[in-house]
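Text of the file input-v9.txt, holding compact mmCIF, C-alpha atoms:
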```
# COMPACT_ATOMS: atom_id res chain seq x y z
CA MET A 1 -18.24 -13.44 -26.31
CA ASP A 2 -17.52 -15.19 -23.01
CA SER A 3 -18.80 -13.59 -19.82
CA PRO A 4 -16.18 -11.83 -17.67
CA ARG A 5 -14.85 -13.92 -14.80
CA TRP A 6 -13.98 -12.24 -11.53
CA ARG A 7 -12.58 -13.80 -8.37
CA LEU A 8 -13.40 -11.74 -5.27
CA ILE A 9 -10.90 -12.46 -2.49
CA LEU A 10 -12.55 -11.01 0.58
CA ASN A 11 -11.08 -10.29 3.98
CA GLY A 12 -13.09 -12.36 6.44
CA LYS A 13 -13.84 -9.29 8.57
CA SER A 14 -16.02 -7.92 5.75
CA ALA A 15 -17.87 -11.10 4.86
CA GLY A 16 -21.16 -9.92 6.36
CA ASN A 17 -21.29 -6.56 4.54
CA ASP A 18 -24.78 -6.18 3.05
CA ALA A 19 -23.77 -3.56 0.46
CA LEU A 20 -21.06 -5.87 -0.81
CA ARG A 21 -23.46 -8.79 -1.09
CA ALA A 22 -25.90 -6.62 -3.04
CA ALA A 23 -23.09 -5.46 -5.36
CA VAL A 24 -22.06 -9.04 -6.13
CA VAL A 25 -25.67 -9.95 -6.94
CA HIS A 26 -26.00 -6.86 -9.14
CA TRP A 27 -22.99 -7.72 -11.30
CA ARG A 28 -23.94 -11.37 -11.51
CA GLU A 29 -27.33 -10.30 -12.88
CA ARG A 30 -25.45 -8.27 -15.52
CA GLY A 31 -23.72 -11.41 -16.74
CA VAL A 32 -20.44 -11.32 -14.83
CA ARG A 33 -19.34 -14.56 -13.20
CA VAL A 34 -18.25 -13.53 -9.71
CA ASP A 35 -16.83 -16.25 -7.48
CA VAL A 36 -16.09 -15.36 -3.86
CA ARG A 37 -13.32 -16.63 -1.60
CA VAL A 38 -13.08 -15.50 2.03
CA THR A 39 -9.76 -15.35 3.88
CA TRP A 40 -9.64 -16.83 7.34
CA GLU A 41 -5.98 -17.26 8.24
CA SER A 42 -2.51 -16.32 7.06
CA GLY A 43 -1.69 -17.59 3.59
CA ASP A 44 -5.29 -17.83 2.38
CA ALA A 45 -4.99 -14.88 0.00
CA GLY A 46 -1.92 -16.36 -1.67
CA ARG A 47 -3.61 -19.73 -2.13
CA TYR A 48 -6.69 -18.09 -3.61
CA VAL A 49 -4.52 -16.08 -6.01
CA ASP A 50 -2.87 -19.28 -7.23
CA GLU A 51 -6.30 -20.85 -7.68
CA ALA A 52 -7.56 -17.82 -9.61
CA VAL A 53 -4.56 -17.85 -11.95
CA ALA A 54 -5.05 -21.58 -12.58
CA ASP A 55 -8.73 -20.92 -13.34
CA ALA A 56 -7.76 -18.19 -15.84
CA VAL A 57 -10.03 -15.54 -14.34
CA ASP A 58 -9.99 -12.10 -15.92
CA THR A 59 -9.80 -10.04 -12.73
CA ILE A 60 -8.97 -10.65 -9.09
CA VAL A 61 -10.89 -8.26 -6.85
CA ALA A 62 -9.37 -7.50 -3.45
CA GLY A 63 -12.10 -6.89 -0.89
CA GLY A 64 -10.51 -5.31 2.17
CA GLY A 65 -8.00 -2.71 3.26
CA ASP A 66 -4.46 -1.86 2.27
CA GLY A 67 -3.13 -5.06 3.82
CA THR A 68 -5.49 -7.27 1.80
CA LEU A 69 -4.65 -5.41 -1.40
CA SER A 70 -0.94 -5.71 -0.71
CA GLU A 71 -1.11 -9.43 0.09
CA ILE A 72 -2.93 -10.17 -3.16
CA ALA A 73 -0.66 -7.92 -5.23
CA ALA A 74 2.42 -9.54 -3.69
CA ALA A 75 1.10 -13.04 -4.42
CA LEU A 76 0.65 -12.05 -8.06
CA ALA A 77 4.03 -10.32 -8.29
CA HIS A 78 5.89 -13.32 -6.85
CA ARG A 79 4.77 -15.39 -9.83
CA GLU A 80 6.86 -15.84 -12.97
CA GLU A 81 4.19 -14.73 -15.47
CA THR A 82 4.25 -11.30 -17.07
CA ALA A 83 1.65 -8.70 -16.13
CA GLU A 84 -0.22 -9.38 -19.37
CA ALA A 85 -0.46 -13.10 -18.59
CA LEU A 86 -1.81 -12.54 -15.06
CA PRO A 87 -5.34 -11.54 -14.05
CA ALA A 88 -5.88 -7.81 -13.65
CA LEU A 89 -6.40 -6.43 -10.16
CA ALA A 90 -9.33 -4.44 -8.77
CA LEU A 91 -10.13 -3.17 -5.28
CA ILE A 92 -13.20 -2.76 -3.08
CA PRO A 93 -11.91 -0.61 -0.19
CA MET A 94 -13.20 -2.08 3.08
CA GLY A 95 -10.36 -1.47 5.52
CA THR A 96 -9.70 0.93 8.39
CA ALA A 97 -7.76 3.61 6.55
CA ASN A 98 -7.98 2.62 2.84
CA ASP A 99 -4.99 4.80 2.05
CA PHE A 100 -4.37 3.43 -1.45
CA ALA A 101 -8.02 3.70 -2.46
CA THR A 102 -8.29 7.25 -1.12
CA ALA A 103 -5.25 8.45 -3.05
CA ALA A 104 -6.31 6.59 -6.20
CA GLY A 105 -9.88 7.89 -6.16
CA ILE A 106 -11.45 4.42 -5.95
CA PRO A 107 -15.09 4.66 -4.77
CA THR A 108 -15.91 3.27 -1.35
CA ALA A 109 -19.35 2.02 -2.43
CA PRO A 110 -18.89 -1.68 -3.35
CA ASP A 111 -21.11 -1.51 -6.42
CA GLU A 112 -19.21 1.48 -7.84
CA ALA A 113 -15.86 -0.06 -7.02
CA LEU A 114 -16.82 -3.28 -8.81
CA GLY A 115 -17.97 -1.15 -11.71
CA LEU A 116 -14.34 -0.18 -12.37
CA ALA A 117 -13.54 -3.84 -13.07
CA ALA A 118 -16.27 -3.86 -15.72
CA GLU A 119 -15.89 -0.43 -17.25
CA ALA A 120 -12.35 0.88 -16.66
CA ALA A 121 -9.37 -0.37 -18.66
CA ALA A 122 -6.70 -2.32 -16.78
CA ILE A 123 -3.63 -0.06 -16.59
CA ALA A 124 -0.06 -1.28 -16.07
CA ILE A 125 1.21 -0.14 -12.65
CA ASP A 126 4.55 -0.33 -10.87
CA LEU A 127 5.33 -2.23 -7.69
CA LEU A 128 8.17 -1.83 -5.22
CA ARG A 129 10.34 -4.89 -4.69
CA VAL A 130 11.88 -4.76 -1.22
CA GLU A 131 14.77 -7.09 -0.45
CA ALA A 132 15.41 -7.47 3.28
CA ASP A 133 17.52 -9.76 5.43
CA ASP A 134 14.72 -12.35 5.40
CA GLY A 135 14.22 -12.27 1.61
CA PRO A 136 12.14 -10.38 -0.98
CA HIS A 137 8.85 -8.60 -0.35
CA TRP A 138 6.50 -6.54 -2.54
CA CYS A 139 4.78 -3.24 -1.87
CA ILE A 140 1.99 -1.71 -3.95
CA ASN A 141 1.37 1.48 -1.99
CA LEU A 142 4.01 2.83 0.34
CA ALA A 143 6.93 1.67 2.47
CA SER A 144 7.36 3.82 5.55
CA GLY A 145 9.77 4.00 8.45
CA GLY A 146 10.32 5.99 11.62
CA PHE A 147 7.65 7.59 13.76
CA GLY A 148 4.72 6.90 11.44
CA THR A 149 5.70 3.24 11.17
CA GLU A 150 5.82 2.76 14.91
CA VAL A 151 2.43 4.44 15.26
CA THR A 152 0.86 2.12 12.70
CA VAL A 153 2.42 -1.00 14.19
CA GLU A 154 1.38 -0.12 17.74
CA THR A 155 -2.17 1.09 17.07
CA ASP A 156 -4.64 -1.17 18.87
CA GLU A 157 -6.98 -3.17 16.62
CA LYS A 158 -10.02 -2.37 18.77
CA LEU A 159 -9.18 1.34 18.64
CA LYS A 160 -8.91 1.14 14.83
CA LYS A 161 -12.31 -0.54 14.63
CA MET A 162 -13.94 2.21 16.71
CA LEU A 163 -12.19 5.29 15.35
CA GLY A 164 -10.87 4.39 11.90
CA GLY A 165 -7.95 6.50 10.70
CA LEU A 166 -8.23 8.78 13.74
CA ALA A 167 -6.87 5.91 15.84
CA TYR A 168 -3.42 6.42 14.29
CA VAL A 169 -3.41 10.08 15.33
CA ILE A 170 -4.39 9.26 18.91
CA THR A 171 -1.70 6.60 19.13
CA GLY A 172 0.83 9.07 17.72
CA ILE A 173 -0.02 11.70 20.31
CA ALA A 174 0.41 9.12 23.05
CA ARG A 175 3.92 8.35 21.72
CA LEU A 176 5.18 11.93 21.57
CA GLY A 177 7.15 11.66 24.78
CA ARG A 178 9.18 8.67 23.55
CA ILE A 179 9.95 9.28 19.88
CA GLU A 180 13.33 7.90 18.90
CA PRO A 181 14.93 8.72 15.53
CA VAL A 182 16.30 5.99 13.26
CA ALA A 183 19.91 6.41 12.12
CA ALA A 184 20.44 5.10 8.59
CA ASP A 185 22.43 5.47 5.41
CA LEU A 186 20.48 5.92 2.15
CA ARG A 187 22.11 5.44 -1.27
CA GLY A 188 20.75 5.56 -4.81
CA PRO A 189 21.72 6.74 -8.29
CA ASP A 190 23.18 10.25 -7.84
CA PHE A 191 21.78 10.35 -4.32
CA ALA A 192 23.28 9.91 -0.84
CA TRP A 193 21.97 10.83 2.60
CA SER A 194 22.97 9.77 6.12
CA GLY A 195 21.56 10.72 9.48
CA GLY A 196 18.71 10.28 11.89
CA PHE A 197 15.18 10.47 10.60
CA LEU A 198 11.77 10.64 12.23
CA ALA A 199 9.80 9.69 9.15
CA LEU A 200 10.68 7.96 5.89
CA GLY A 201 8.44 7.32 2.91
CA LEU A 202 9.19 5.26 -0.19
CA GLY A 203 6.26 5.94 -2.43
CA ASN A 204 4.64 4.05 -5.15
CA GLY A 205 1.46 5.55 -3.72
CA ARG A 206 1.20 8.72 -1.64
CA GLN A 207 -0.19 8.12 1.83
CA ALA A 208 -0.23 5.64 4.70
CA GLY A 209 -1.08 5.42 8.38
CA GLY A 210 -4.65 6.66 8.06
CA GLY A 211 -4.15 9.64 5.76
CA GLN A 212 -0.56 10.67 6.48
CA VAL A 213 0.67 11.92 3.10
CA LEU A 214 4.37 11.10 2.90
CA CYS A 215 4.96 11.15 -0.86
CA PRO A 216 2.59 13.77 -2.29
CA ASP A 217 4.03 13.68 -5.83
CA ALA A 218 4.27 9.91 -6.30
CA TRP A 219 2.92 8.16 -9.40
CA ILE A 220 2.27 4.44 -9.75
CA ASN A 221 3.20 4.21 -13.41
CA ASP A 222 6.39 6.29 -13.75
CA GLY A 223 9.00 3.62 -12.92
CA GLN A 224 10.33 5.66 -9.98
CA ILE A 225 10.38 5.54 -6.19
CA ASP A 226 9.41 8.81 -4.52
CA LEU A 227 11.61 9.21 -1.45
CA THR A 228 10.68 11.44 1.47
CA VAL A 229 12.93 11.85 4.50
CA LEU A 230 12.00 13.93 7.54
CA PRO A 231 15.32 14.33 9.41
CA VAL A 232 15.93 15.12 13.03
CA LEU A 233 16.65 18.84 13.36
CA ASN A 234 18.15 20.36 16.51
CA GLY A 235 17.00 17.35 18.50
CA ASP A 236 13.50 18.82 18.75
CA LEU A 237 11.64 15.53 18.60
CA ALA A 238 8.44 16.67 20.27
CA THR A 239 7.94 19.58 17.88
CA VAL A 240 8.40 17.45 14.77
CA GLY A 241 6.26 14.68 16.24
CA THR A 242 3.47 17.20 16.86
CA LEU A 243 3.69 18.35 13.24
CA LEU A 244 3.35 14.74 12.11
CA THR A 245 0.25 14.04 14.16
CA ARG A 246 -1.34 17.35 13.18
CA ARG A 247 -0.40 16.79 9.51
CA ASP A 248 0.95 20.35 9.21
CA SER A 249 1.97 19.91 5.58
CA GLU A 250 3.55 23.33 5.05
CA ALA A 251 5.78 23.10 8.11
CA LEU A 252 6.76 19.52 7.32
CA GLU A 253 7.61 20.37 3.72
CA ARG A 254 10.17 22.95 4.85
CA LEU A 255 11.96 20.28 6.86
CA THR A 256 11.77 17.45 4.34
CA ARG A 257 14.31 16.01 1.90
CA ARG A 258 12.85 14.50 -1.30
CA ALA A 259 14.19 12.56 -4.28
CA ARG A 260 12.92 10.41 -7.14
CA LEU A 261 14.93 7.25 -7.83
CA PRO A 262 14.62 3.91 -9.66
CA ALA A 263 16.27 2.08 -6.75
CA LEU A 264 17.51 2.75 -3.23
CA GLU A 265 19.58 0.97 -0.57
CA LEU A 266 19.03 1.59 3.13
CA SER A 267 21.49 0.42 5.80
CA ALA A 268 21.69 0.88 9.57
CA ALA A 269 23.89 -0.26 12.42
CA LYS A 270 20.96 -2.04 14.07
CA PRO A 271 17.70 -3.44 12.67
CA PHE A 272 14.87 -1.03 11.97
CA THR A 273 11.34 -1.46 10.67
CA LEU A 274 9.88 -0.64 7.29
CA ASN A 275 6.12 -0.87 7.12
CA LEU A 276 5.19 -2.32 3.71
CA ASP A 277 1.52 -1.52 3.14
CA GLY A 278 0.85 -2.14 6.81
CA GLU A 279 3.11 -5.19 7.17
CA PRO A 280 6.18 -4.51 9.34
CA VAL A 281 9.49 -5.94 8.11
CA ARG A 282 12.59 -5.60 10.27
CA SER A 283 16.11 -5.63 8.83
CA ARG A 284 19.50 -3.92 8.96
CA HIS A 285 19.61 -3.60 5.21
CA PHE A 286 16.95 -3.00 2.58
CA ARG A 287 17.25 -2.74 -1.18
CA VAL A 288 14.17 -1.22 -2.79
CA THR A 289 13.62 -1.33 -6.54
CA CYS A 290 10.73 0.04 -8.58
CA VAL A 291 9.56 -2.65 -11.02
CA PRO A 292 7.72 -0.86 -13.86
CA GLY A 293 4.40 -2.29 -15.06
CA ARG A 294 4.54 -5.38 -12.85
CA LEU A 295 0.74 -5.69 -12.60
CA ARG A 296 -2.39 -4.40 -14.33
CA MET A 297 -5.11 -2.71 -12.30
CA HIS A 298 -8.59 -1.32 -12.95
CA LEU A 299 -8.47 2.32 -11.84
CA PRO A 300 -10.61 5.41 -12.47
CA PRO A 301 -9.73 7.06 -15.80
CA ASP A 302 -8.85 10.26 -13.92
CA CYS A 303 -6.93 8.46 -11.16
CA PRO A 304 -4.66 11.02 -9.43
CA LEU A 305 -1.87 8.44 -9.10
CA LEU A 306 -1.49 7.90 -12.85
CA VAL A 307 0.78 9.90 -15.10
CA GLN A 308 -1.65 11.19 -17.69
CA ASP A 309 -0.47 11.10 -21.33
```

Structure rendered as structure tokens:
Amino acid sequence: MDSPRWRLILNGKSAGNDALRAAVVHWRERGVRVDVRVTWESGDAGRYVDEAVADAVDTIVAGGGDGTLSEIAAALAHREETAEALPALALIPMGTANDFATAAGIPTAPDEALGLAAEAAAIAIDLLRVEADDGPHWCINLASGGFGTEVTVETDEKLKKMLGGLAYVITGIARLGRIEPVAADLRGPDFAWSGGFLALGLGNGRQAGGGQVLCPDAWINDGQIDLTVLPVLNGDLATVGTLLTRRDSEALERLTRRARLPALELSAAKPFTLNLDGEPVRSRHFRVTCVPGRLRMHLPPDCPLLVQD
């Protein structure tokens, strides 16, 4: 039997991590061929994905945060091959917030995370295809809009490095005096909503922005988008903004509109931003479709994001 072949695509910021180096050595000693590629500039991850597919590797391991995972997943999803014909995906969470890994129960220790690629079956997972004015995009975790999106986009990189996920909360508090709702029209099968919202979540996964749970009931293998809308009520922006930064789940739930849909269209009179796994995309119109089973991923057998048979 041939030895497993893994291609680790590593965010350059994590290249000096000693625990990761030790984990790679450990799995090489166990007979796995692990080749490492380090990203340096925009487009590197996509080129390394193409190289890995051409080399017929078994698994591509994303080493980094939600942005690295999303970039690699998108590069795979853009290809014409079926999920079965593409390498499976695995993740070593090494980012600031690691929202996908946290919700999925992926270990933070590099050796344990790599162990999933060796020991856990690759499960078919959904992706969100997001068509905007500038063309198609892909999202593996969560697309968000409104207050939370602006917080994530504006959070200083140095602050994130020092404080991790807490940096998003601090940035959010600083914004409370200038929160502006987004006015939009949302349409899907047997669903319609129009108005101003402070927060919007389109969930394949459940959380973003350093632990802000927007879609608590989302699954990544059910073929559905979990929609969460936090509307503007009585113009009380500061109160709702405070609830967001404090993550007062019970109070937020009473205000929230939810739906589960295979597809959704969002339109607005002026461009607004959707944050796709940390990558801001600005458009007046978005069409979001859940593509069932677009990729395969090594996840814990008891992963909270999987519909269990």

Between A:Gly16, A:Pro93, A:Pro87, A:Gly196, which has the minimum distance to A:Ala124 (counting all atoms listed in the file)? A:Pro87

In terms of all atoms listed in the file, the residue from A:Asp190, A:Ala269, A:Gly46, A:Met297 at minimal distance from A:Thr59 is A:Met297

Show me, as a ChimeraX atom specification, the residues that have an atom within 9 Å of A:Pro231 when counting all atoms listed in the file, minus same-chain residues fewer than 5 positions from it. /A:181,195-200,255-257

Adding 4 Å on each side of the box along x, y and z that holds all listed atoms of stretch 41-57 of chain A, could you give its centre and edge lengths in Å to one decimal, as lines of an AutoDock Vina configuration file?
```
center_x = -5.9
center_y = -18.2
center_z = -3.8
size_x = 16.3
size_y = 14.7
size_z = 32.1
```

re atom CA of A:Ala120 and atom CA of A:Ala19: distance 21.1 Å

I'd like the interatomic distance between atom CA of A:Thr228 and atom CA of A:Asp185, to a tenth of an Å.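 If I compute the distance from atom CA of A:Thr228 to atom CA of A:Asp185, I get 13.8 Å.
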
List every protein, DNA or RNA residue that has at least one atom no more than 8 Å from (2.4, 9.9, -6.3) in the file's coordinates, counting all atoms listed in the file, and write the result as a ChimeraX atom specification. /A:203-206,215-220,226,304-306

Show me as a list in words the residues that reach within 9 Å of (-12.4, -10.4, -10.0), counting all atoms listed in the file and using the file's own coordinates.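 Residues with an atom at most 9 Å from (-12.4, -10.4, -10.0): Pro4, Arg5, Trp6, Arg7, Leu8, Ile9, Arg33, Val34, Asp35, Val36, Ala52, Val57, Asp58, Thr59, Ile60, Val61, Ala62, Pro87, Ala88, Leu89, Ala90, Leu91, Leu114 and Ala117 of chain A.
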
Quick one, how far is atom CA of A:Ser144 from atom CA of A:Asn275? 5.1 Å

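Shortest separation to A:Lys270 among A:Ala183, A:Val307, A:Leu202, A:Ala75 occurs at residue A:Ala183, atoms counted being only C-alpha atoms.
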
Using only C-alpha atoms, pick whichever of A:Ala45, A:Leu227, A:Ala103, A:Ala268 has the shortest atom-to-atom distance to A:Ser70.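 For A:Ser70, the nearest of the candidates is A:Ala45.
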
Determine the nearest neighbour of A:Asp277 from the options A:Ala208, A:Leu116, A:Ala73, A:Ala83, counting all atoms listed in the file. A:Ala208

At a cut-off of 9 Å, using only C-alpha atoms, what residues contact A:Arg282? Leave out same-chain residues fewer than 4 positions from it and give the result as a ChimeraX atom specification. /A:132-134,271-275

Okay, now the selection with C-alpha atoms, as an mmCIF file, in the coordinates of the input?
```
data_model
loop_
_atom_site.group_PDB
_atom_site.id
_atom_site.type_symbol
_atom_site.label_atom_id
_atom_site.label_comp_id
_atom_site.auth_asym_id
_atom_site.auth_seq_id
_atom_site.Cartn_x
_atom_site.Cartn_y
_atom_site.Cartn_z
ATOM 1 C CA ALA A 132 15.410 -7.470 3.280
ATOM 2 C CA ASP A 133 17.520 -9.760 5.430
ATOM 3 C CA ASP A 134 14.720 -12.350 5.400
ATOM 4 C CA PRO A 271 17.700 -3.440 12.670
ATOM 5 C CA PHE A 272 14.870 -1.030 11.970
ATOM 6 C CA THR A 273 11.340 -1.460 10.670
ATOM 7 C CA LEU A 274 9.880 -0.640 7.290
ATOM 8 C CA ASN A 275 6.120 -0.870 7.120
#
```
